[in-house]
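Novice: Contents of input_24.txt (compact mmCIF, C-alpha atoms):
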```
# COMPACT_ATOMS: atom_id res chain seq x y z
CA MET A 11 10.83 -3.82 14.56
CA ARG A 12 7.57 -2.19 13.53
CA THR A 13 6.27 0.73 15.53
CA ILE A 14 2.92 1.13 17.26
CA LYS A 15 1.88 3.65 14.61
CA GLU A 16 2.82 1.34 11.75
CA VAL A 17 0.60 -1.40 13.16
CA PHE A 18 -2.32 0.57 14.59
CA GLY A 19 -2.23 3.72 12.48
CA VAL A 20 -2.05 6.09 15.48
CA ASP A 21 0.54 6.94 18.12
CA LYS A 22 -1.52 5.78 21.12
CA PRO A 23 -4.17 3.26 20.11
CA ILE A 24 -7.25 2.43 22.11
CA ILE A 25 -7.87 -1.31 21.76
CA GLY A 26 -11.37 -2.52 22.59
CA MET A 27 -11.71 -5.98 24.13
CA LEU A 28 -14.29 -8.49 22.89
CA HIS A 29 -14.98 -10.78 25.85
CA MET A 30 -17.29 -13.04 23.78
CA THR A 31 -20.26 -12.86 26.14
CA GLY A 32 -23.59 -14.63 25.66
CA TYR A 33 -25.19 -18.07 25.73
CA GLY A 34 -24.97 -20.24 22.62
CA ARG A 35 -22.88 -19.80 19.46
CA ASP A 36 -25.36 -17.64 17.60
CA ARG A 37 -25.96 -15.25 20.49
CA ILE A 38 -22.24 -14.89 21.24
CA LEU A 39 -21.51 -14.04 17.60
CA GLU A 40 -24.41 -11.60 17.35
CA ASN A 41 -23.21 -9.85 20.51
CA ALA A 42 -19.69 -9.68 19.06
CA LYS A 43 -20.94 -8.20 15.79
CA ARG A 44 -22.84 -5.50 17.66
CA GLU A 45 -19.89 -4.63 19.89
CA ILE A 46 -17.43 -4.56 16.98
CA GLU A 47 -19.64 -2.12 15.09
CA ILE A 48 -20.10 0.14 18.12
CA MET A 49 -16.40 0.28 18.92
CA TYR A 50 -15.15 0.95 15.40
CA ARG A 51 -17.89 3.49 14.68
CA ASN A 52 -17.02 5.48 17.77
CA GLY A 53 -13.29 5.71 17.22
CA VAL A 54 -11.74 2.65 18.86
CA ASN A 55 -8.57 1.96 16.90
CA ALA A 56 -8.50 -1.84 17.15
CA VAL A 57 -10.51 -4.77 18.48
CA LEU A 58 -9.01 -7.64 20.49
CA VAL A 59 -10.91 -10.93 20.43
CA GLU A 60 -10.42 -12.99 23.60
CA ASN A 61 -11.78 -16.30 24.92
CA TYR A 62 -12.65 -14.74 28.28
CA PHE A 63 -16.20 -16.12 28.24
CA GLY A 64 -16.33 -17.92 24.89
CA ASP A 65 -14.12 -20.69 23.51
CA ARG A 66 -11.94 -21.25 20.46
CA VAL A 67 -14.89 -21.69 18.13
CA ASP A 68 -16.44 -18.42 19.30
CA VAL A 69 -13.15 -16.59 18.86
CA GLU A 70 -12.69 -18.06 15.39
CA ASN A 71 -16.22 -17.07 14.40
CA ALA A 72 -15.55 -13.47 15.44
CA LEU A 73 -12.21 -13.35 13.62
CA LYS A 74 -13.77 -14.75 10.45
CA TYR A 75 -16.48 -12.07 10.67
CA LEU A 76 -13.86 -9.36 11.11
CA GLN A 77 -11.83 -10.63 8.16
CA GLU A 78 -14.89 -10.70 5.90
CA ASN A 79 -16.50 -7.44 7.02
CA TYR A 80 -13.69 -5.22 8.35
CA PRO A 81 -10.62 -6.20 6.28
CA ASN A 82 -9.13 -2.71 6.51
CA LYS A 83 -9.52 -2.43 10.28
CA VAL A 84 -6.97 -3.49 12.88
CA TYR A 85 -7.87 -6.47 15.07
CA GLY A 86 -6.04 -9.03 17.17
CA VAL A 87 -6.50 -12.15 19.27
CA ASN A 88 -5.72 -13.43 22.75
CA MET A 89 -6.36 -17.13 23.42
CA LEU A 90 -5.87 -17.36 27.17
CA GLY A 91 -3.59 -20.30 27.91
CA PHE A 92 -3.16 -21.27 24.25
CA PRO A 93 -0.50 -19.10 22.53
CA GLU A 94 -0.05 -21.52 19.61
CA ILE A 95 -3.74 -21.28 18.79
CA ALA A 96 -3.62 -17.48 19.03
CA PHE A 97 -0.85 -17.23 16.46
CA ASP A 98 -2.50 -19.81 14.18
CA LEU A 99 -5.80 -17.93 14.24
CA ALA A 100 -4.07 -14.57 13.74
CA ARG A 101 -2.40 -15.81 10.56
CA LYS A 102 -5.51 -17.58 9.29
CA TYR A 103 -7.81 -14.57 9.71
CA GLY A 104 -5.52 -11.62 9.08
CA ALA A 105 -5.16 -10.37 12.65
CA ARG A 106 -2.29 -7.93 12.98
CA PHE A 107 -1.45 -8.57 16.61
CA VAL A 108 -1.55 -11.18 19.38
CA GLN A 109 -1.63 -10.61 23.12
CA LEU A 110 0.06 -13.02 25.54
CA ASP A 111 -0.66 -12.39 29.20
CA SER A 112 2.94 -13.07 30.21
CA VAL A 113 6.21 -13.21 28.29
CA CYS A 114 8.51 -12.95 31.29
CA GLY A 115 8.52 -13.43 35.05
CA HIS A 116 5.84 -16.10 35.40
CA LEU A 117 8.10 -19.14 35.07
CA GLU A 118 10.71 -20.73 37.27
CA PRO A 119 14.17 -20.61 35.64
CA SER A 120 14.11 -24.32 34.71
CA TYR A 121 11.07 -23.75 32.47
CA GLU A 122 12.48 -20.72 30.65
CA LYS A 123 14.28 -22.48 27.80
CA PRO A 124 11.28 -24.49 26.53
CA PHE A 125 9.08 -21.40 26.75
CA LEU A 126 11.59 -19.28 24.82
CA LYS A 127 11.99 -21.95 22.15
CA LYS A 128 8.22 -22.08 21.68
CA LEU A 129 7.95 -18.29 21.58
CA GLU A 130 10.76 -17.99 19.02
CA THR A 131 9.01 -20.55 16.81
CA LEU A 132 5.69 -18.74 17.06
CA ARG A 133 7.31 -15.43 16.14
CA SER A 134 9.66 -16.80 13.49
CA ASP A 135 8.07 -15.11 10.48
CA GLY A 136 7.82 -11.73 12.21
CA ASP A 137 4.40 -10.90 10.77
CA ILE A 138 2.45 -10.71 14.01
CA PHE A 139 2.93 -7.79 16.42
CA LEU A 140 3.13 -9.18 19.95
CA LEU A 141 1.76 -7.47 23.06
CA GLY A 142 3.38 -9.22 26.03
CA GLY A 143 2.53 -8.95 29.70
CA VAL A 144 5.08 -8.67 32.50
CA ARG A 145 3.90 -8.89 36.14
CA PHE A 146 0.44 -9.21 34.59
CA LYS A 147 -2.86 -9.64 36.45
CA TYR A 148 -3.43 -13.14 37.85
CA GLN A 149 0.06 -14.26 36.74
CA PRO A 150 2.53 -15.60 39.34
CA VAL A 151 6.02 -14.14 39.74
CA ARG A 152 8.42 -17.09 39.81
CA SER A 153 11.51 -15.92 37.94
CA GLY A 154 13.51 -14.93 41.00
CA ARG A 155 14.59 -11.82 39.11
CA SER A 156 13.99 -8.15 39.78
CA LEU A 157 11.28 -6.22 37.95
CA GLU A 158 13.96 -4.43 35.95
CA GLU A 159 15.52 -7.72 34.86
CA ASP A 160 12.16 -9.19 33.85
CA LEU A 161 11.19 -6.08 31.90
CA LYS A 162 14.49 -5.97 30.03
CA LEU A 163 14.10 -9.62 29.07
CA GLY A 164 10.48 -8.94 28.16
CA MET A 165 11.60 -6.28 25.72
CA GLU A 166 13.51 -8.98 23.84
CA ARG A 167 10.46 -11.23 23.66
CA CYS A 168 7.69 -8.96 22.38
CA ASP A 169 6.98 -5.73 20.51
CA ALA A 170 5.16 -3.92 23.34
CA ILE A 171 4.92 -4.56 27.07
CA VAL A 172 1.47 -4.68 28.70
CA VAL A 173 1.08 -3.51 32.31
CA THR A 174 -1.96 -4.15 34.52
CA GLY A 175 -3.19 -3.90 38.07
CA GLU A 176 -4.40 -6.82 40.16
CA GLY A 177 -7.35 -7.93 38.07
CA THR A 178 -9.92 -7.39 35.33
CA GLY A 179 -11.53 -3.97 35.63
CA ILE A 180 -9.20 -2.97 38.48
CA SER A 181 -7.25 0.23 37.88
CA THR A 182 -3.59 -0.05 37.00
CA ASP A 183 -1.77 2.06 39.56
CA LEU A 184 -0.19 5.16 38.03
CA LYS A 185 2.93 4.57 40.10
CA LYS A 186 3.33 1.14 38.50
CA ILE A 187 2.88 2.61 35.03
CA LYS A 188 5.52 5.24 35.76
CA THR A 189 7.91 2.61 37.12
CA PHE A 190 7.52 0.49 33.99
CA ARG A 191 8.04 3.58 31.82
CA SER A 192 11.22 4.57 33.65
CA ILE A 193 12.70 1.12 33.06
CA LEU A 194 11.46 0.66 29.48
CA GLY A 195 12.50 4.06 28.20
CA ASP A 196 11.03 4.50 24.72
CA PHE A 197 9.97 0.86 24.38
CA PRO A 198 6.19 0.67 23.78
CA LEU A 199 4.05 0.31 26.93
CA ILE A 200 0.32 -0.53 26.86
CA VAL A 201 -1.99 -0.22 29.87
CA GLY A 202 -3.92 -3.47 29.80
CA ALA A 203 -6.59 -3.13 32.48
CA GLY A 204 -8.68 -0.71 34.48
CA MET A 205 -8.32 2.47 32.44
CA THR A 206 -11.41 4.70 32.63
CA ALA A 207 -12.55 7.92 30.99
CA GLU A 208 -11.42 9.73 34.13
CA THR A 209 -7.90 8.22 34.22
CA ALA A 210 -7.24 7.93 30.48
CA GLN A 211 -5.48 11.22 29.80
CA GLU A 212 -3.18 10.98 32.80
CA GLN A 213 -2.25 7.33 32.19
CA LEU A 214 -1.71 7.88 28.46
CA ILE A 215 0.90 10.52 29.23
CA PHE A 216 3.13 7.69 30.45
CA SER A 217 1.99 4.92 28.10
CA ASP A 218 1.56 4.23 24.40
CA GLY A 219 -2.01 3.00 24.34
CA ALA A 220 -4.60 0.98 26.22
CA ILE A 221 -6.65 -2.18 26.10
CA VAL A 222 -10.15 -1.35 27.34
CA GLY A 223 -12.68 -4.02 28.24
CA SER A 224 -14.77 -3.65 31.37
CA TYR A 225 -15.08 0.14 31.20
CA PHE A 226 -16.86 -0.08 27.85
CA LYS A 227 -19.51 -2.38 29.34
CA GLU A 228 -22.77 -1.55 31.07
CA PHE A 229 -22.08 -0.89 34.77
CA GLY A 230 -18.35 -1.25 34.00
CA GLU A 231 -18.58 -5.04 34.39
CA ALA A 232 -17.02 -7.49 31.92
CA GLU A 233 -20.02 -9.82 31.68
CA TYR A 234 -22.40 -7.08 30.45
CA PRO A 235 -22.86 -5.77 26.87
CA VAL A 236 -20.86 -2.84 25.50
CA ASP A 237 -22.53 0.49 26.29
CA GLU A 238 -22.15 2.89 23.37
CA GLU A 239 -22.32 5.98 25.58
CA ARG A 240 -19.43 4.72 27.71
CA VAL A 241 -17.38 4.12 24.57
CA LYS A 242 -18.12 7.63 23.31
CA GLU A 243 -17.22 9.17 26.66
CA PHE A 244 -13.94 7.29 26.89
CA ILE A 245 -12.84 8.08 23.33
CA CYS A 246 -13.75 11.74 23.76
CA LYS A 247 -11.67 12.08 26.90
CA ALA A 248 -8.78 9.85 25.78
CA GLY A 249 -8.50 11.46 22.37
CA ALA A 250 -8.69 8.07 20.58
CA GLY A 251 -4.91 7.84 20.69
CA ASN A 252 -4.30 11.07 18.78
CA GLY A 253 -3.02 14.27 20.28
CA VAL A 254 -2.92 12.84 23.80
```
Please express the file's structure as structure tokens.
Specialist:
Amino acid sequence: MRTIKEVFGVDKPIIGMLHMTGYGRDRILENAKREIEIMYRNGVNAVLVENYFGDRVDVENALKYLQENYPNKVYGVNMLGFPEIAFDLARKYGARFVQLDSVCGHLEPSYEKPFLKKLETLRSDGDIFLLGGVRFKYQPVRSGRSLEEDLKLGMERCDAIVVTGEGTGISTDLKKIKTFRSILGDFPLIVGAGMTAETAQEQLIFSDGAIVGSYFKEFGEAEYPVDEERVKEFICKAGAGNGV
């Protein structure tokens, strides 16, 4: 299994989220181009393209732009609700990683086998690094298993576990991060929501990186444009994944 550093180039990467905001294809892509440039220029280690506001076409447009203009940078994709599309787009446009909001815990036991079969097929060539959520924001807990059991199964299904709080932009409780860390041991753990410039150093002590979306935006709200000063502040305080 590849390590975080082999994929992202640093020990504790900061991954900037592209929410694909705007109205109309052209505006959404122009916004994405601007935000990509701001994040990479200010030390964000990777960009994650997500269909949070846009759709598949918008995500594909952004990935094509990244492939053509930032071929040596790290970028990934999360197609909410459509894992097959995420993997297809990752391979087509050279994305190094995919995020799935849940790899364990969200399904009743009777649905586990089909899900696992699909996941094994998607991951069969081993080229794409998978960030997988467990007890993720907005995801139900239907497994009937303990957190420890779900996390141990999750470790078999992805390359890094993603932990979040209750929702987008809501802080991930440090106690939850520590609990995940104690169960996972050395297995990679990414904080997937709510990290701020003020909480970054403390949370990164117990994790191996972060996905940052809302904090980078004006007013700290997902629907607004990326604010370059907020990106600079965060990277300065977090250490951009190096020496934290």
Novice: Can you tell me which residues surround Tyr148 of chain A at a distance of at most 10 Å, considering only C-alpha atoms, apart from same-chain residues fewer than 4 positions away, and format the answer as an MDAnalysis selection string?
Specialist: chainID A and resid 111:112 174:178
Novice: From the list A:Val151, A:Leu110, A:Leu214, A:Lys128, which residue is nearest Ile171 of chain A when using all atoms listed in the file?
Specialist: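 Ranked by minimum distance to Ile171 of chain A, first place goes to A:Leu110.
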Novice: Write out as a list in words which residues come within 8 Å of Leu73 of chain A when counting all atoms listed in the file, dropping same-chain ones fewer than 2 positions away.
Specialist: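 Counting all atoms listed in the file, the residues come to Val59, Val69, Glu70, Asn71, Tyr75, Leu76, Gln77, Leu99, Tyr103 and Ala105 of chain A.
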Novice: Which residue out of A:Ser153, A:Ser134, A:Asn61, A:Ser224 has the minimum interatomic distance to Glu118 of chain A when only C-alpha atoms are used?
Specialist: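 Using only C-alpha atoms, Glu118 of chain A sits closest to A:Ser153.
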Novice: Atom CA of Glu158 of chain A and atom CA of Gly223 of chain A, how far apart in Å?
Specialist: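 Those two atoms sit 27.7 Å apart.
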Novice: Using all atoms listed in the file, find the one residue out of A:Val241, A:Leu117, A:Ala72, A:Leu129 that sits nearest to Asp36 of chain A.
Specialist: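 For Asp36 of chain A, the nearest of the given residues is A:Ala72.
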Novice: Using all atoms listed in the file, which of the listed residues (A:Leu90, A:Cys168, A:Ile25, A:Val84) sits closest to Gly104 of chain A?
Specialist: A:Val84
Novice: Each residue of segment 145-182 of chain A lying at most 12 Å from segment 189-199 of chain A should get a row with its shortest atom-to-atom pair and the distance in Å to one decimal, counting all atoms listed in the file; could you produce that, ordered by chain and increasing number, as a Markdown table?
Specialist:
```
| residue | atom | partner | partner_atom | distance |
| --- | --- | --- | --- | --- |
| A:Arg145 | CA | A:Phe190 | CA | 10.3 |
| A:Ser156 | CA | A:Ile193 | CA | 11.5 |
| A:Leu157 | CA | A:Phe190 | CA | 8.7 |
| A:Glu158 | CA | A:Ile193 | CA | 6.4 |
| A:Glu159 | CA | A:Ile193 | CA | 9.5 |
| A:Asp160 | CA | A:Ile193 | CA | 10.4 |
| A:Leu161 | CA | A:Leu194 | CA | 7.2 |
| A:Lys162 | CA | A:Leu194 | CA | 7.3 |
| A:Leu163 | CA | A:Leu194 | CA | 10.6 |
| A:Gly164 | CA | A:Leu194 | CA | 9.7 |
| A:Met165 | CA | A:Phe197 | CA | 7.4 |
| A:Glu166 | CA | A:Phe197 | CA | 10.5 |
| A:Cys168 | CA | A:Pro198 | CA | 9.8 |
| A:Asp169 | CA | A:Pro198 | CA | 7.2 |
| A:Ala170 | CA | A:Pro198 | CA | 4.7 |
| A:Ile171 | CA | A:Leu199 | CA | 4.9 |
| A:Val172 | CA | A:Leu199 | CA | 5.9 |
| A:Val173 | CA | A:Leu199 | CA | 7.2 |
| A:Thr174 | CA | A:Phe190 | CA | 10.6 |
| A:Thr182 | CA | A:Phe190 | CA | 11.5 |
```
Novice: For the selection you just gave me, I'd like the residues written to a file as a PDB file, in the frame of the given file, keeping C-alpha atoms.
Specialist:
```pdb
ATOM      1  CA  ARG A 145       3.900  -8.890  36.140  1.00  0.00           C
ATOM      2  CA  SER A 156      13.990  -8.150  39.780  1.00  0.00           C
ATOM      3  CA  LEU A 157      11.280  -6.220  37.950  1.00  0.00           C
ATOM      4  CA  GLU A 158      13.960  -4.430  35.950  1.00  0.00           C
ATOM      5  CA  GLU A 159      15.520  -7.720  34.860  1.00  0.00           C
ATOM      6  CA  ASP A 160      12.160  -9.190  33.850  1.00  0.00           C
ATOM      7  CA  LEU A 161      11.190  -6.080  31.900  1.00  0.00           C
ATOM      8  CA  LYS A 162      14.490  -5.970  30.030  1.00  0.00           C
ATOM      9  CA  LEU A 163      14.100  -9.620  29.070  1.00  0.00           C
ATOM     10  CA  GLY A 164      10.480  -8.940  28.160  1.00  0.00           C
ATOM     11  CA  MET A 165      11.600  -6.280  25.720  1.00  0.00           C
ATOM     12  CA  GLU A 166      13.510  -8.980  23.840  1.00  0.00           C
ATOM     13  CA  CYS A 168       7.690  -8.960  22.380  1.00  0.00           C
ATOM     14  CA  ASP A 169       6.980  -5.730  20.510  1.00  0.00           C
ATOM     15  CA  ALA A 170       5.160  -3.920  23.340  1.00  0.00           C
ATOM     16  CA  ILE A 171       4.920  -4.560  27.070  1.00  0.00           C
ATOM     17  CA  VAL A 172       1.470  -4.680  28.700  1.00  0.00           C
ATOM     18  CA  VAL A 173       1.080  -3.510  32.310  1.00  0.00           C
ATOM     19  CA  THR A 174      -1.960  -4.150  34.520  1.00  0.00           C
ATOM     20  CA  THR A 182      -3.590  -0.050  37.000  1.00  0.00           C
TER      21      THR A 182
END
```
Novice: Of the candidates A:Met89, A:Val113, A:Ile245, A:Ile138, which one gets nearest to Leu126 of chain A if we count only C-alpha atoms?
Specialist: A:Val113
Novice: Report the distance between atom CA of Leu39 of chain A and atom CA of Asp68 of chain A in Å, rounded to one decimal place.
Specialist: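 Between these atoms lies a distance of 6.9 Å.
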Novice: Counting only C-alpha atoms, which residue out of A:Gln213, A:Asn88, A:Asn41, A:Gln149 sits closest to Val57 of chain A?
Specialist: A:Asn88
Novice: Give me the residues within 7 Å of Met30 of chain A as a PyMOL selection string, counting all atoms listed in the file and dropping any in the same chain fewer than 4 places off.
Specialist: chain A and resi 38+42+60-64
Novice: Could you name the residues that touch Val222 of chain A at 7 Å or less, counting only C-alpha atoms, but leaving out those on the same chain fewer than 4 positions away, as a ChimeraX atom specification?
Specialist: /A:25-27,203,205,226
Novice: Could you pull the residues within 12 Å of Gly249 of chain A, counting all atoms listed in the file, minus those fewer than 4 positions along the same chain, as a list in words?
Specialist: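 Non-adjacent residues within range: Val20, Asp21, Lys22, Pro23, Ile24, Asn52, Gly53, Val54, Asn55, Ala207, Ala210, Gln211, Glu212, Leu214, Ile215, Gly219, Ala220, Val241, Lys242, Glu243, Phe244, Ile245, Gly253 and Val254 of chain A.
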Novice: Just how far from atom CA of Ile48 of chain A is atom CA of Arg35 of chain A, in Å to one decimal?
Specialist: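 Result for atom CA of Arg35 of chain A versus atom CA of Ile48 of chain A: 20.2 Å, one decimal.
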